[in-house]
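Peer 1: Next up, work_31.csv (CSV, C-alpha atoms).
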chain,number,residue,atom,x,y,z
U,9,MET,CA,94.2,-83.8,75.1
U,10,THR,CA,91.7,-86.0,77.0
U,11,THR,CA,88.1,-86.2,76.1
U,12,ASN,CA,86.2,-88.6,78.4
U,13,ARG,CA,82.9,-90.4,77.7
U,14,MET,CA,79.9,-88.8,79.3
U,15,VAL,CA,78.5,-90.1,82.6
U,16,HIS,CA,75.2,-90.9,80.8
U,17,ASP,CA,74.8,-91.8,77.1
U,18,VAL,CA,72.1,-89.8,75.4
U,19,ALA,CA,69.6,-90.1,72.6
U,20,ILE,CA,67.6,-87.8,70.4
U,21,VAL,CA,64.0,-88.9,70.5
U,22,ALA,CA,62.3,-86.1,68.5
U,23,MET,CA,63.2,-83.2,66.2
U,24,GLY,CA,61.5,-80.5,64.3
U,25,CYS,CA,62.7,-78.2,61.5
U,26,THR,CA,61.0,-75.4,59.6
U,27,PRO,CA,61.6,-74.8,55.9
U,28,PHE,CA,64.7,-72.6,55.5
U,29,ARG,CA,63.8,-69.7,53.2
U,30,ASP,CA,62.6,-66.1,53.0
U,31,HIS,CA,60.1,-66.0,55.8
U,32,TRP,CA,58.9,-62.4,55.3
U,33,ASN,CA,55.6,-63.1,57.0
U,34,SER,CA,57.0,-64.9,60.0
U,35,SER,CA,59.0,-63.6,63.0
U,36,ALA,CA,61.7,-65.4,64.9
U,37,ASP,CA,59.1,-66.2,67.5
U,38,ASP,CA,56.9,-67.8,64.8
U,39,LEU,CA,59.7,-69.9,63.5
U,40,LEU,CA,60.6,-71.2,67.0
U,41,VAL,CA,57.0,-72.0,67.8
U,42,ASP,CA,56.7,-74.0,64.5
U,43,ALA,CA,60.0,-75.9,65.0
U,44,VAL,CA,59.2,-76.7,68.6
U,45,GLY,CA,55.6,-77.5,67.8
U,46,GLU,CA,56.6,-80.1,65.2
U,47,CYS,CA,59.2,-81.6,67.5
U,48,VAL,CA,56.8,-82.0,70.5
U,49,ALA,CA,53.9,-83.2,68.2
U,50,SER,CA,56.0,-86.1,67.0
U,51,LEU,CA,56.0,-87.5,70.6
U,52,PRO,CA,52.4,-88.3,71.7
U,53,GLY,CA,52.1,-87.6,75.4
U,54,LEU,CA,55.0,-85.2,75.7
U,55,SER,CA,54.4,-81.6,76.5
U,56,LEU,CA,56.7,-78.6,77.1
U,57,GLU,CA,55.9,-79.0,80.8
U,58,ASP,CA,57.7,-82.4,80.6
U,59,VAL,CA,60.9,-80.7,79.4
U,60,ASP,CA,63.2,-79.9,82.3
U,61,ALA,CA,65.5,-77.3,80.6
U,62,PHE,CA,66.0,-75.5,77.3
U,63,TRP,CA,68.8,-74.1,75.2
U,64,VAL,CA,68.4,-71.7,72.3
U,65,GLY,CA,71.2,-70.8,69.8
U,66,THR,CA,71.1,-67.5,68.0
U,67,GLN,CA,73.8,-65.1,66.9
U,68,GLY,CA,71.9,-61.9,66.4
U,69,THR,CA,68.2,-62.5,66.6
U,70,GLY,CA,67.8,-61.9,70.3
U,71,LEU,CA,69.3,-61.8,73.7
U,72,SER,CA,69.0,-64.0,76.8
U,73,GLY,CA,66.9,-67.1,77.3
U,74,GLN,CA,63.8,-65.0,76.7
U,75,VAL,CA,64.4,-65.5,73.0
U,76,LEU,CA,62.7,-68.9,73.5
U,77,ALA,CA,60.9,-68.4,76.8
U,78,ARG,CA,58.7,-65.6,75.5
U,79,PRO,CA,57.2,-67.2,72.4
U,80,LEU,CA,56.8,-70.6,74.1
U,81,ARG,CA,55.3,-68.9,77.3
U,82,LEU,CA,57.7,-70.9,79.4
U,83,ALA,CA,57.4,-70.3,83.1
U,84,GLY,CA,59.7,-71.6,85.9
U,85,LYS,CA,62.1,-73.2,83.4
U,86,PRO,CA,65.8,-72.7,82.9
U,87,VAL,CA,66.4,-71.4,79.4
U,88,THR,CA,69.9,-70.6,78.2
U,89,ARG,CA,70.9,-68.7,75.1
U,90,VAL,CA,74.3,-69.6,73.5
U,91,GLU,CA,76.3,-68.3,70.6
U,92,ASN,CA,79.4,-69.7,68.9
U,93,TYR,CA,79.7,-68.2,65.4
U,94,CYS,CA,78.2,-70.3,62.7
U,95,ALA,CA,78.3,-73.4,65.0
U,96,THR,CA,75.7,-71.8,67.3
U,97,GLY,CA,73.0,-74.4,66.6
U,98,SER,CA,75.5,-77.2,67.4
U,99,GLU,CA,76.5,-75.4,70.5
U,100,ALA,CA,72.9,-75.4,71.7
U,101,PHE,CA,72.8,-79.1,71.1
U,102,ARG,CA,76.1,-79.7,72.8
U,103,ASN,CA,75.1,-77.9,76.0
U,104,ALA,CA,71.7,-79.5,76.1
U,105,VAL,CA,73.4,-82.9,75.8
U,106,PHE,CA,75.6,-82.1,78.8
U,107,GLY,CA,72.5,-81.2,80.8
U,108,VAL,CA,71.2,-84.8,80.4
U,109,ALA,CA,74.6,-86.5,80.4
U,110,SER,CA,75.6,-84.9,83.7
U,111,GLY,CA,72.4,-86.3,85.4
U,112,ALA,CA,71.1,-82.8,86.1
U,113,TYR,CA,68.0,-83.3,83.9
U,114,ASP,CA,65.9,-86.1,82.5
U,115,VAL,CA,64.5,-84.4,79.4
U,116,VAL,CA,66.0,-81.3,77.6
U,117,MET,CA,65.4,-79.4,74.4
U,118,ALA,CA,67.9,-77.7,72.1
U,119,THR,CA,66.7,-75.1,69.7
U,120,GLY,CA,68.2,-72.7,67.2
U,121,VAL,CA,66.8,-69.8,65.2
U,122,GLU,CA,67.9,-66.9,63.0
U,123,LYS,CA,66.0,-64.2,61.1
U,124,LEU,CA,68.3,-62.7,58.5
U,125,LYS,CA,66.2,-61.9,55.5
U,126,ASP,CA,64.6,-58.7,56.9
U,127,SER,CA,67.8,-57.5,58.7
U,128,SER,CA,68.5,-54.9,56.0
U,129,GLN,CA,71.8,-56.6,55.4
U,130,SER,CA,72.8,-58.7,52.3
U,131,GLY,CA,74.9,-61.3,54.2
U,132,LEU,CA,75.4,-62.8,57.6
U,133,SER,CA,75.1,-60.3,60.4
U,134,ALA,CA,77.3,-60.0,63.4
U,135,THR,CA,78.0,-57.3,66.1
U,136,LEU,CA,81.7,-57.4,66.8
U,137,PRO,CA,83.2,-56.1,70.1
U,138,PRO,CA,85.7,-53.2,70.0
U,139,ALA,CA,89.2,-54.4,69.0
U,140,ASP,CA,92.7,-53.0,68.9
U,141,GLY,CA,92.7,-52.5,65.2
U,142,THR,CA,95.0,-55.4,64.3
U,143,ASP,CA,92.1,-57.8,63.3
U,144,VAL,CA,92.2,-59.0,59.7
U,145,ASP,CA,89.3,-57.2,57.9
U,146,TRP,CA,88.0,-59.4,55.1
U,147,THR,CA,84.7,-60.9,54.0
U,148,ALA,CA,83.8,-64.5,54.4
U,149,PRO,CA,84.0,-65.2,50.6
U,150,ALA,CA,87.4,-63.6,50.5
U,151,GLY,CA,88.7,-65.7,53.3
U,152,PHE,CA,87.4,-69.0,52.1
U,153,SER,CA,88.4,-68.2,48.5
U,154,LEU,CA,92.0,-68.7,49.6
U,155,LEU,CA,91.4,-72.4,50.1
U,156,ALA,CA,91.2,-73.2,46.4
U,157,PRO,CA,94.6,-71.8,45.2
U,158,ALA,CA,96.3,-73.1,48.3
U,159,TYR,CA,95.0,-76.6,47.7
U,160,GLN,CA,96.0,-76.5,44.0
U,161,ALA,CA,99.6,-75.4,45.0
U,162,ALA,CA,99.9,-78.0,47.8
U,163,TYR,CA,98.8,-81.0,45.8
U,164,GLY,CA,99.6,-80.0,42.2
U,165,VAL,CA,96.0,-79.8,41.1
U,166,GLY,CA,95.3,-78.0,37.9
U,167,GLU,CA,93.0,-75.0,37.8
U,168,ARG,CA,90.6,-76.8,35.6
U,169,ASP,CA,90.4,-79.9,37.9
U,170,MET,CA,89.9,-77.7,41.0
U,171,ARG,CA,87.2,-75.7,39.3
U,172,ALA,CA,85.5,-79.0,38.2
U,173,ALA,CA,85.5,-80.3,41.8
U,174,MET,CA,84.1,-77.1,43.2
U,175,THR,CA,81.4,-77.1,40.5
U,176,ARG,CA,80.5,-80.7,41.3
U,177,VAL,CA,80.0,-79.8,44.9
U,178,ALA,CA,77.5,-77.1,44.0
U,179,VAL,CA,75.7,-79.3,41.4
U,180,LYS,CA,75.5,-82.2,43.8
U,181,ASN,CA,74.1,-80.3,46.7
U,182,HIS,CA,71.6,-78.4,44.7
U,183,ALA,CA,70.4,-81.7,43.2
U,184,ASN,CA,69.9,-83.1,46.7
U,185,GLY,CA,68.0,-80.0,47.7
U,186,VAL,CA,65.6,-80.5,44.8
U,187,LEU,CA,64.4,-83.6,46.7
U,188,ASN,CA,63.9,-81.7,50.0
U,189,GLU,CA,60.7,-79.8,50.6
U,190,ARG,CA,62.4,-77.8,53.5
U,191,ALA,CA,65.2,-76.4,51.3
U,192,GLN,CA,65.3,-72.8,50.2
U,193,PHE,CA,66.6,-73.5,46.7
U,194,ARG,CA,64.8,-76.4,44.9
U,195,ARG,CA,66.0,-76.0,41.4
U,196,PRO,CA,68.9,-78.0,40.0
U,197,VAL,CA,71.9,-76.0,38.7
U,198,THR,CA,74.1,-76.9,35.8
U,199,ALA,CA,77.9,-76.9,35.7
U,200,GLU,CA,77.8,-74.2,33.2
U,201,ALA,CA,75.6,-72.0,35.4
U,202,VAL,CA,77.9,-72.5,38.4
U,203,GLU,CA,81.0,-71.6,36.4
U,204,ARG,CA,79.4,-68.6,34.7
U,205,SER,CA,77.8,-67.1,37.8
U,206,PRO,CA,79.0,-63.6,38.7
U,207,ARG,CA,82.4,-63.6,40.5
U,208,ILE,CA,82.4,-62.8,44.2
U,209,ALA,CA,85.9,-63.3,45.4
U,210,GLY,CA,88.9,-65.0,43.8
U,211,PRO,CA,87.6,-68.2,42.0
U,212,LEU,CA,84.3,-68.1,43.9
U,213,GLY,CA,81.1,-67.1,42.0
U,214,VAL,CA,77.6,-66.6,43.4
U,215,LEU,CA,76.8,-70.3,43.0
U,216,ASP,CA,79.9,-71.3,45.0
U,217,CYS,CA,78.5,-69.5,48.0
U,218,SER,CA,75.7,-70.5,50.4
U,219,GLY,CA,72.7,-68.3,50.6
U,220,VAL,CA,71.0,-66.3,53.3
U,221,SER,CA,67.8,-67.5,54.8
U,222,ASP,CA,65.5,-67.7,57.9
U,223,GLY,CA,64.8,-70.9,59.9
U,224,ALA,CA,64.6,-72.7,63.2
U,225,ALA,CA,65.0,-76.3,64.4
U,226,ALA,CA,64.6,-78.2,67.7
U,227,ALA,CA,65.6,-81.5,69.3
U,228,VAL,CA,64.4,-83.4,72.4
U,229,ILE,CA,67.3,-85.2,74.2
U,230,VAL,CA,67.0,-87.9,76.9
U,231,ARG,CA,69.2,-90.5,78.6
U,232,ALA,CA,69.9,-93.4,76.3
U,233,GLU,CA,68.4,-95.9,78.7
U,234,ASP,CA,65.1,-94.0,78.7
U,235,ALA,CA,64.9,-93.5,74.9
U,236,HIS,CA,62.5,-96.3,74.2
U,237,ARG,CA,60.0,-94.8,76.6
U,238,TYR,CA,59.5,-92.1,74.0
U,239,THR,CA,60.1,-93.7,70.6
U,240,ASP,CA,60.9,-97.0,69.0
U,241,ARG,CA,63.4,-95.3,66.7
U,242,PRO,CA,65.8,-93.2,68.9
U,243,VAL,CA,69.0,-91.8,67.4
U,244,TYR,CA,72.0,-92.2,69.7
U,245,LEU,CA,74.9,-89.7,70.2
U,246,ARG,CA,78.0,-91.9,69.8
U,247,GLY,CA,80.6,-89.2,70.0
U,248,MET,CA,80.9,-85.4,70.0
U,249,SER,CA,83.6,-82.7,70.2
U,250,PHE,CA,83.9,-79.0,69.9
U,251,VAL,CA,87.2,-77.1,69.4
U,252,ALA,CA,87.8,-73.3,69.4
U,253,GLY,CA,90.9,-72.3,67.5
U,254,SER,CA,93.3,-69.7,69.0
U,255,GLY,CA,93.1,-67.5,65.9
U,256,ALA,CA,96.9,-67.7,65.5
U,257,GLY,CA,96.5,-68.7,61.9
U,258,LEU,CA,95.6,-65.2,60.9
U,259,ALA,CA,98.8,-63.9,62.4
U,260,SER,CA,101.0,-66.5,60.7
U,261,GLY,CA,102.5,-66.0,57.3
U,262,GLY,CA,102.8,-69.8,56.9
U,263,TYR,CA,99.3,-70.7,57.7
U,264,ASP,CA,98.1,-73.8,55.7
U,265,PHE,CA,94.9,-73.0,53.9
U,266,THR,CA,94.4,-76.6,52.9
U,267,THR,CA,93.0,-77.7,56.2
U,268,PHE,CA,91.0,-76.6,59.3
U,269,PRO,CA,93.0,-77.9,62.2
U,270,GLU,CA,90.0,-77.4,64.5
U,271,VAL,CA,88.0,-79.8,62.4
U,272,VAL,CA,90.7,-82.3,62.4
U,273,THR,CA,91.0,-82.3,66.2
U,274,ALA,CA,87.2,-82.3,66.7
U,275,ALA,CA,86.8,-85.2,64.3
U,276,ARG,CA,89.6,-87.2,65.9
U,277,GLN,CA,88.0,-86.8,69.4
U,278,ALA,CA,84.5,-87.6,68.2
U,279,TYR,CA,85.6,-90.7,66.3
U,280,ALA,CA,87.6,-91.9,69.3
U,281,GLN,CA,84.5,-91.7,71.5
U,282,ALA,CA,82.3,-93.4,68.9
U,283,GLY,CA,84.8,-96.2,68.2
U,284,VAL,CA,85.2,-95.1,64.6
U,285,THR,CA,88.7,-96.1,63.3
U,286,ASP,CA,88.1,-95.9,59.6
U,287,PRO,CA,85.6,-93.1,58.9
U,288,ALA,CA,85.8,-93.5,55.1
U,289,ALA,CA,84.5,-97.0,55.4
U,290,GLN,CA,82.3,-96.8,58.6
U,291,ILE,CA,80.3,-93.6,58.1
U,292,SER,CA,77.1,-94.0,56.1
U,293,LEU,CA,76.5,-90.3,55.4
U,294,ALA,CA,77.6,-86.9,56.5
U,295,GLU,CA,76.3,-83.4,56.8
U,296,VAL,CA,79.1,-80.9,56.5
U,297,HIS,CA,79.4,-77.1,56.5
U,298,ASP,CA,79.5,-76.3,52.8
U,299,CYS,CA,79.5,-72.5,53.3
U,300,PHE,CA,81.6,-72.3,50.1
U,301,THR,CA,82.3,-75.1,47.5
U,302,PRO,CA,86.1,-75.3,48.3
U,303,THR,CA,85.2,-75.7,52.0
U,304,GLU,CA,83.5,-79.0,51.3
U,305,VAL,CA,86.6,-80.2,49.3
U,306,VAL,CA,88.9,-79.5,52.2
U,307,LEU,CA,86.4,-81.0,54.8
U,308,MET,CA,86.4,-84.4,53.0
U,309,GLU,CA,90.1,-84.7,53.9
U,310,ASP,CA,89.9,-83.2,57.4
U,311,LEU,CA,87.1,-85.6,58.3
U,312,GLY,CA,89.1,-88.6,57.1
U,313,PHE,CA,86.8,-89.4,54.1
U,314,SER,CA,89.5,-88.8,51.5
U,315,GLU,CA,93.3,-89.1,51.5
U,316,ARG,CA,95.2,-85.8,51.6
U,317,GLY,CA,95.3,-84.3,48.1
U,318,LYS,CA,92.7,-86.8,46.8
U,319,ALA,CA,89.3,-85.2,47.7
U,320,TRP,CA,89.0,-83.4,44.4
U,321,ARG,CA,89.3,-86.7,42.6
U,322,ASP,CA,86.9,-88.5,44.9
U,323,ILE,CA,84.3,-85.7,44.4
U,324,LEU,CA,84.6,-86.0,40.6
U,325,ASP,CA,84.3,-89.8,40.8
U,326,GLY,CA,81.0,-89.4,42.5
U,327,ARG,CA,82.1,-90.8,45.9
U,328,TYR,CA,80.0,-88.2,47.8
U,329,ASP,CA,76.9,-88.2,45.5
U,330,LEU,CA,73.6,-89.3,46.8
U,331,GLY,CA,74.1,-92.8,45.2
U,332,GLY,CA,77.8,-92.9,46.0
U,333,PRO,CA,79.6,-94.9,48.7
U,334,LEU,CA,79.5,-92.0,51.3
U,335,PRO,CA,76.8,-89.4,50.5
U,336,VAL,CA,77.5,-85.9,51.7
U,337,ASN,CA,74.9,-83.2,52.3
U,338,THR,CA,72.0,-85.4,51.4
U,339,ASP,CA,69.5,-82.7,52.3
U,340,GLY,CA,71.2,-80.1,50.1
U,341,GLY,CA,73.5,-78.6,52.6
U,342,LEU,CA,74.0,-74.9,53.1
U,343,LYS,CA,74.1,-74.5,49.3
U,344,SER,CA,70.4,-75.4,49.2
U,345,PHE,CA,69.2,-74.3,52.6
U,346,GLY,CA,71.1,-71.0,53.1
U,347,HIS,CA,72.6,-70.3,56.5
U,348,PRO,CA,70.4,-69.0,59.4
U,349,ILE,CA,73.3,-69.1,61.8
U,350,GLY,CA,71.6,-70.3,65.0
U,351,ALA,CA,69.6,-73.0,63.2
U,352,THR,CA,72.1,-74.5,60.8
U,353,GLY,CA,73.8,-76.9,63.2
U,354,LEU,CA,70.5,-78.4,64.3
U,355,ARG,CA,69.3,-78.6,60.7
U,356,MET,CA,72.3,-80.8,60.0
U,357,MET,CA,71.3,-82.9,63.0
U,358,PHE,CA,67.7,-83.1,61.7
U,359,GLU,CA,68.9,-84.6,58.4
U,360,CYS,CA,71.1,-87.2,60.2
U,361,PHE,CA,68.1,-88.0,62.5
U,362,THR,CA,65.8,-88.4,59.5
U,363,GLN,CA,68.2,-90.6,57.6
U,364,LEU,CA,69.0,-92.9,60.5
U,365,ARG,CA,65.3,-93.4,61.1
U,366,GLY,CA,64.8,-94.3,57.5
U,367,GLU,CA,62.4,-91.3,56.9
U,368,ALA,CA,64.3,-89.4,54.1
U,369,GLY,CA,62.1,-90.5,51.2
U,370,GLU,CA,63.7,-90.1,47.8
U,371,ARG,CA,67.0,-89.1,49.3
U,372,GLN,CA,67.2,-92.0,51.8
U,373,VAL,CA,70.6,-93.6,52.1
U,374,PRO,CA,70.2,-97.4,52.2
U,375,ASP,CA,70.9,-99.1,55.6
U,376,ALA,CA,72.2,-95.8,57.1
U,377,ARG,CA,73.9,-96.7,60.4
U,378,LEU,CA,76.3,-94.0,61.3
U,379,ALA,CA,76.1,-90.3,60.4
U,380,VAL,CA,78.5,-87.4,60.9
U,381,SER,CA,77.3,-83.8,61.6
U,382,GLN,CA,80.1,-81.2,61.2
U,383,ASN,CA,79.6,-77.5,61.7
U,384,LEU,CA,82.2,-74.8,61.2
U,385,GLY,CA,82.3,-71.2,62.3
U,386,GLY,CA,84.7,-68.3,61.8
U,387,GLN,CA,87.1,-68.2,58.9
U,388,PRO,CA,90.3,-70.0,57.8
U,389,GLY,CA,92.9,-69.4,60.5
U,390,SER,CA,90.4,-68.5,63.2
U,391,SER,CA,87.7,-71.1,63.4
U,392,VAL,CA,85.5,-73.0,65.8
U,393,ALA,CA,84.5,-76.6,64.8
U,394,PHE,CA,81.9,-79.1,66.0
U,395,VAL,CA,81.8,-82.8,65.0
U,396,ALA,CA,79.2,-85.4,66.2
U,397,VAL,CA,78.7,-89.0,65.3
U,398,LEU,CA,75.2,-90.3,65.5
U,399,GLY,CA,74.0,-93.9,65.2
U,400,ARG,CA,71.0,-96.1,65.0
U,401,GLU,CA,72.5,-98.2,67.8
U,402,LEU,CA,74.4,-97.2,70.9
Could you render the structure as structure tokens?

Peer 2:
Amino acid sequence: MTTNRMVHDVAIVAMGCTPFRDHWNSSADDLLVDAVGECVASLPGLSLEDVDAFWVGTQGTGLSGQVLARPLRLAGKPVTRVENYCATGSEAFRNAVFGVASGAYDVVMATGVEKLKDSSQSGLSATLPPADGTDVDWTAPAGFSLLAPAYQAAYGVGERDMRAAMTRVAVKNHANGVLNERAQFRRPVTAEAVERSPRIAGPLGVLDCSGVSDGAAAAVIVRAEDAHRYTDRPVYLRGMSFVAGSGAGLASGGYDFTTFPEVVTAARQAYAQAGVTDPAAQISLAEVHDCFTPTEVVLMEDLGFSERGKAWRDILDGRYDLGGPLPVNTDGGLKSFGHPIGATGLRMMFECFTQLRGEAGERQVPDARLAVSQNLGGQPGSSVAFVAVLGREL
């Protein structure tokens, strides 16, 4: 499969991100206005009138480009709404990037938003189209719970060791979230609390699962050669790929629950574009889709950070801790932020952007040069996956 470099390289010159939490007193409109307002305010002299085109990602909060045009009072501007499962925020970014990379626009904005907390539902919401009745009917925790026993069986990992690695993921990400004023959950959790939390599905307890929250985020994207007209600290897109799986895994009795093939392919393509040949050594930090603790274990191998069958050990050895060789989910991840679907992918970008600009405060990764943002949607066997490599230099 061929993935060519874009006609124009692009850069992110500004971003904004609301806190992710229970915004009972804010509407989706309010959240978008706040995220976009922060984004634009960080670039003196830039106004919404200067933005040529807009993209907004949301799964269930609204329909059409008016989700964004209405609260921002945009007139005469192209505004496109996109949706791609839990990778919706990343899809808004990807399409906005293409708008600039194609030469069609000079300045574009990608946004994402979701209001879930006052939806009357306890989990992620989705309106599914009519089907023929053959779809696999399971919950997200049930589907992702299958990763842990499959991994144990494939690599001979004992139940206690697997449990310890999953627990370490939760403890690590919540510890990082404590340092982030935008995170929903800002209290550390102990290993004992994680392992004694009420069981949800298979080996997964409440604290193995990401939460539900509201939030919005935004990014301004321009051609790389124009970036220094706007800021002296642009962040460049070095590589990007999106892959939609066929869903055949759910119909296969031999599906391998120890990997997300879509992530593997997207990572390979993004790394090739970015010139990354050894991600375990070249990547400074990564934001990954830790919807459930075993997901992060598997992703460490799919992204090439750990050898197959060794991620559990690397996690326990502290490789992915904030002070480790390759910090993962430095902002707290989905575990600390929850998952407002349309905003999550851009929230990941926001952390990479902040780290690469040296603005992450207590959680700053020293000399961060390359960052990976990885977003996953769907379920094992039927996923969509996004991977981007961002850098301080082009």

Peer 1: Can you tell me which residues surround stretch 247-261 of chain U at a distance of at most 10 Å, considering only C-alpha atoms, apart from same-chain residues fewer than 4 positions away, and format the answer as a ChimeraX atom specification?

Peer 2: /U:11,13-14,17,92,95,98-99,102,105,142-144,265,268-284,380-399

Peer 1: How about saving the chosen residues, C-alpha atoms kept, as an mmCIF file, keeping the file's coordinate frame?

Peer 2:
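Output below, filename part_24.cif:
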data_model
loop_
_atom_site.group_PDB
_atom_site.id
_atom_site.type_symbol
_atom_site.label_atom_id
_atom_site.label_comp_id
_atom_site.auth_asym_id
_atom_site.auth_seq_id
_atom_site.Cartn_x
_atom_site.Cartn_y
_atom_site.Cartn_z
ATOM 1 C CA THR U 11 88.100 -86.200 76.100
ATOM 2 C CA ARG U 13 82.900 -90.400 77.700
ATOM 3 C CA MET U 14 79.900 -88.800 79.300
ATOM 4 C CA ASP U 17 74.800 -91.800 77.100
ATOM 5 C CA ASN U 92 79.400 -69.700 68.900
ATOM 6 C CA ALA U 95 78.300 -73.400 65.000
ATOM 7 C CA SER U 98 75.500 -77.200 67.400
ATOM 8 C CA GLU U 99 76.500 -75.400 70.500
ATOM 9 C CA ARG U 102 76.100 -79.700 72.800
ATOM 10 C CA VAL U 105 73.400 -82.900 75.800
ATOM 11 C CA THR U 142 95.000 -55.400 64.300
ATOM 12 C CA ASP U 143 92.100 -57.800 63.300
ATOM 13 C CA VAL U 144 92.200 -59.000 59.700
ATOM 14 C CA PHE U 265 94.900 -73.000 53.900
ATOM 15 C CA PHE U 268 91.000 -76.600 59.300
ATOM 16 C CA PRO U 269 93.000 -77.900 62.200
ATOM 17 C CA GLU U 270 90.000 -77.400 64.500
ATOM 18 C CA VAL U 271 88.000 -79.800 62.400
ATOM 19 C CA VAL U 272 90.700 -82.300 62.400
ATOM 20 C CA THR U 273 91.000 -82.300 66.200
ATOM 21 C CA ALA U 274 87.200 -82.300 66.700
ATOM 22 C CA ALA U 275 86.800 -85.200 64.300
ATOM 23 C CA ARG U 276 89.600 -87.200 65.900
ATOM 24 C CA GLN U 277 88.000 -86.800 69.400
ATOM 25 C CA ALA U 278 84.500 -87.600 68.200
ATOM 26 C CA TYR U 279 85.600 -90.700 66.300
ATOM 27 C CA ALA U 280 87.600 -91.900 69.300
ATOM 28 C CA GLN U 281 84.500 -91.700 71.500
ATOM 29 C CA ALA U 282 82.300 -93.400 68.900
ATOM 30 C CA GLY U 283 84.800 -96.200 68.200
ATOM 31 C CA VAL U 284 85.200 -95.100 64.600
ATOM 32 C CA VAL U 380 78.500 -87.400 60.900
ATOM 33 C CA SER U 381 77.300 -83.800 61.600
ATOM 34 C CA GLN U 382 80.100 -81.200 61.200
ATOM 35 C CA ASN U 383 79.600 -77.500 61.700
ATOM 36 C CA LEU U 384 82.200 -74.800 61.200
ATOM 37 C CA GLY U 385 82.300 -71.200 62.300
ATOM 38 C CA GLY U 386 84.700 -68.300 61.800
ATOM 39 C CA GLN U 387 87.100 -68.200 58.900
ATOM 40 C CA PRO U 388 90.300 -70.000 57.800
ATOM 41 C CA GLY U 389 92.900 -69.400 60.500
ATOM 42 C CA SER U 390 90.400 -68.500 63.200
ATOM 43 C CA SER U 391 87.700 -71.100 63.400
ATOM 44 C CA VAL U 392 85.500 -73.000 65.800
ATOM 45 C CA ALA U 393 84.500 -76.600 64.800
ATOM 46 C CA PHE U 394 81.900 -79.100 66.000
ATOM 47 C CA VAL U 395 81.800 -82.800 65.000
ATOM 48 C CA ALA U 396 79.200 -85.400 66.200
ATOM 49 C CA VAL U 397 78.700 -89.000 65.300
ATOM 50 C CA LEU U 398 75.200 -90.300 65.500
ATOM 51 C CA GLY U 399 74.000 -93.900 65.200
#

Peer 1: For stretch 58-71 of chain U, work out the shell of residues within 9 Å, counting all atoms listed in the file and skipping chain neighbours fewer than 3 positions away, then give it as a VMD selection string.

Peer 2: chain U and resid 36 54 to 55 74 to 77 85 to 101 103 to 104 107 113 to 124 133 to 135 226 228 348 to 351

Peer 1: What gap, in Å, lies between atom CA of U:Asp37 and atom CA of U:Ala224?

Peer 2: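 Rounded to one decimal, the two atoms are 9.5 Å apart.
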
Peer 1: Would you list the contacts of U:Asp298 as a ChimeraX atom specification, taking every protein, DNA or RNA residue within 8 Å and counting only C-alpha atoms, but skipping same-chain residues closer than 4 positions in sequence?

Peer 2: /U:218,303-304,341-343

Peer 1: For atom CA of U:Arg400 and atom CA of U:Arg377, quote the distance in Å rounded to one decimal.

Peer 2: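 Between atom CA of U:Arg400 and atom CA of U:Arg377 the gap works out to 5.5 Å.
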
Peer 1: How many Å lie between atom CA of U:Gly151 and atom CA of U:Gly210, rounded to one decimal?

Peer 2: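 About the pair atom CA of U:Gly151 and atom CA of U:Gly210: they are 9.5 Å apart.
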
Peer 1: Identify which of the residues U:Gly45, U:Gly340, U:Pro157, U:Gly111 lies closest to U:Leu80, counting all atoms listed in the file when measuring atom-to-atom distances.

Peer 2: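 Among the listed residues, the smallest separation from U:Leu80 belongs to U:Gly45.
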
Peer 1: Go through stretch 268-321 of chain U residue by residue and, counting all atoms listed in the file, keep those with an atom at most 12 Å from stretch 178-181 of chain U; for each kept residue give the shortest atom pair and its distance in Å to one decimal, ordered by chain and increasing number, as a Markdown table.

Peer 2:
| residue | atom | partner | partner_atom | distance |
| --- | --- | --- | --- | --- |
| U:Glu295 | CA | U:Asn181 | CA | 10.8 |
| U:Val296 | CA | U:Asn181 | CA | 11.0 |
| U:His297 | CA | U:Asn181 | CA | 11.6 |
| U:Asp298 | CA | U:Ala178 | CA | 9.1 |
| U:Cys299 | CA | U:Ala178 | CA | 10.6 |
| U:Phe300 | CA | U:Ala178 | CA | 8.8 |
| U:Thr301 | CA | U:Ala178 | CA | 6.3 |
| U:Pro302 | CA | U:Ala178 | CA | 9.8 |
| U:Thr303 | CA | U:Ala178 | CA | 11.2 |
| U:Glu304 | CA | U:Ala178 | CA | 9.6 |
| U:Val305 | CA | U:Ala178 | CA | 11.0 |

Peer 1: May I ask which of the residues U:Ala209, U:Val177, U:Ala172, U:Val15 is the closest one to U:Ala148, counting all atoms listed in the file?

Peer 2: U:Ala209

Peer 1: Between U:Val202, U:Ala376, U:Cys25, U:Val18, which is the closest to U:Leu354 once you count all atoms listed in the file?

Peer 2: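 Result for the nearest residue to U:Leu354: U:Cys25.
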
Peer 1: Nearest to U:Thr352 among U:Met23, U:Ser314, U:Gly185, U:Phe28, with distances taken over all atoms listed in the file: which residue is it?

Peer 2: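 For U:Thr352, the nearest of the given residues is U:Phe28.
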
Peer 1: Which one of U:Ser153, U:Gln363, U:Ser205, U:Gln192 sits closest to U:Asp375 if you count all atoms listed in the file?

Peer 2: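 The answer is U:Gln363, which sits nearest to U:Asp375.
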
Peer 1: Considering only C-alpha atoms, can you say which of U:Val373, U:Ala158, U:Leu311, U:Ala49 comes closest to U:Thr285?

Peer 2: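 Of U:Val373, U:Ala158, U:Leu311, U:Ala49, the one nearest U:Thr285 is U:Leu311, counting only C-alpha atoms.
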